[in-house]
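A.B. asks: Here it is, the structure in full.
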Amino acid sequence: MRTFFCFSIKSYTFVSPFDEMRNEMTKNKIYTDEQHQIARFAKALSHPVRVFILEYIANNTKTCCYSGDLHDQLDIARSTLSEHLKELKAAGLIQGEINPPYIKYCINQENWAVAKSLFRDFFEEK
């Protein structure tokens with residue numbers, strides 16, 4: 001016979017010196033809005049599947065594309081594809097239009113232009 005014990009532990013919040021430093025940097029706003037936006041776009045581009053998705057959609061801009069089309073091109077689970085699309089959409093690089101049961105994705109032209117400009121300026125030699 002197994003016996004299970006249940007006990008409560010008092011919870012403590014540990015704040016590391018790094019957390020304090022990060023909080024202070026956030027308070028003082030040492031990062032520009034452009035730096036935050038570059039970081040957001042860079043995060044969205046940090047996986048080869050997402051880079052493929054963006055290239056695929058950008059090369060099919062006249063028709064946009066459906067998530068099913070992307071799934072046919074990629075050897076990944078639909079749930080994984082959905083997560084990658086969600087990340088790109090959260091960054092504002094793509095936009096989706098739901099027409100049940102289909103979801104059509106297109107490049108968000110306004111944010112696409114912003115991303116190109118920010119990265120061009122970032123990589124420009126000074």
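Chain identifiers are assigned as A, B, and so on, following the order in which chains appear in the structure tokens; residues are numbered from 1 within each chain, and ligands are numbered from 1 in order of appearance.
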Just the residues within 12 Å of Glu83 of chain A, please, counting only C-alpha atoms, with nothing from its chain fewer than 6 positions along; format it as a CSV table (one decimal) with N, CA and C atoms, in the first residue's frame.
C.D. replies:
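Result file follows (around22.csv):
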chain,number,residue,atom,x,y,z
A,44,ALA,N,10.6,36.7,-35.1
A,44,ALA,CA,9.7,36.0,-36.1
A,44,ALA,C,10.5,35.3,-37.2
A,47,HIS,N,13.4,31.2,-37.2
A,47,HIS,CA,13.2,29.8,-37.5
A,47,HIS,C,13.1,29.6,-39.0
A,49,VAL,N,11.5,27.5,-40.9
A,49,VAL,CA,10.2,27.3,-41.4
A,49,VAL,C,9.5,28.6,-41.6
A,50,ARG,N,9.6,29.5,-40.6
A,50,ARG,CA,9.0,30.8,-40.8
A,50,ARG,C,9.6,31.6,-41.9
A,53,ILE,N,8.0,30.1,-45.0
A,53,ILE,CA,6.6,30.6,-45.1
A,53,ILE,C,6.6,32.0,-45.7
A,67,SER,N,-3.6,28.0,-45.7
A,67,SER,CA,-2.7,27.2,-44.8
A,67,SER,C,-2.6,25.8,-45.4
A,76,ILE,N,5.6,19.2,-42.0
A,76,ILE,CA,5.4,19.4,-40.6
A,76,ILE,C,3.9,19.2,-40.2
A,77,ALA,N,3.7,19.0,-39.0
A,77,ALA,CA,2.3,18.8,-38.5
A,77,ALA,C,1.5,20.1,-38.7
A,89,LYS,N,2.2,36.2,-37.6
A,89,LYS,CA,1.0,37.1,-37.5
A,89,LYS,C,1.2,38.0,-36.3
A,90,ALA,N,1.7,37.5,-35.2
A,90,ALA,CA,1.9,38.3,-34.0
A,90,ALA,C,2.9,39.4,-34.2
A.B. asks: Excluding segment 97-106 of chain A and its own-chain neighbours fewer than 4 positions away, which residues fall within 8 Å of it when counting only C-alpha atoms? Please give them as a list in words.
C.D. replies: Ile57, Ala58, Thr61, Cys64, Cys65, Tyr66, Ser67 and Gly68 of chain A
A.B. asks: Could the residues in this selection be saved with C-alpha atoms as an mmCIF file, in the first residue's frame?
C.D. replies:
data_model
loop_
_atom_site.group_PDB
_atom_site.id
_atom_site.type_symbol
_atom_site.label_atom_id
_atom_site.label_comp_id
_atom_site.auth_asym_id
_atom_site.auth_seq_id
_atom_site.Cartn_x
_atom_site.Cartn_y
_atom_site.Cartn_z
ATOM 1 C CA ILE A 57 3.740 33.859 -49.364
ATOM 2 C CA ALA A 58 5.822 36.757 -50.751
ATOM 3 C CA THR A 61 1.440 37.771 -53.454
ATOM 4 C CA CYS A 64 -2.050 34.977 -51.236
ATOM 5 C CA CYS A 65 -2.151 31.394 -50.044
ATOM 6 C CA TYR A 66 -4.123 29.061 -47.841
ATOM 7 C CA SER A 67 -2.745 27.236 -44.831
ATOM 8 C CA GLY A 68 -3.480 23.971 -46.648
#
A.B. asks: Could you pull out the helix (DSSP H, G or I) residues of segment 25-75 of chain A from DSSP and send them as a VMD selection string?
C.D. replies: chain A and resid 25 to 28 33 to 44 48 to 58 67 to 73
A.B. asks: Of the candidates A:Asp72, A:Leu118, A:Lys86, A:Glu55, which shows the shortest atom-to-atom distance to Asp33 of chain A, using only C-alpha atoms?
C.D. replies: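 Looking only at the distances to Asp33 of chain A, the closest residue turns out to be A:Leu118.
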A.B. asks: For a quick check of understanding, using only C-alpha atoms, which of A:Leu70, A:Leu54, A:Ser79, A:Asp121 has the smallest distance to Leu93 of chain A?
C.D. replies: A:Leu54
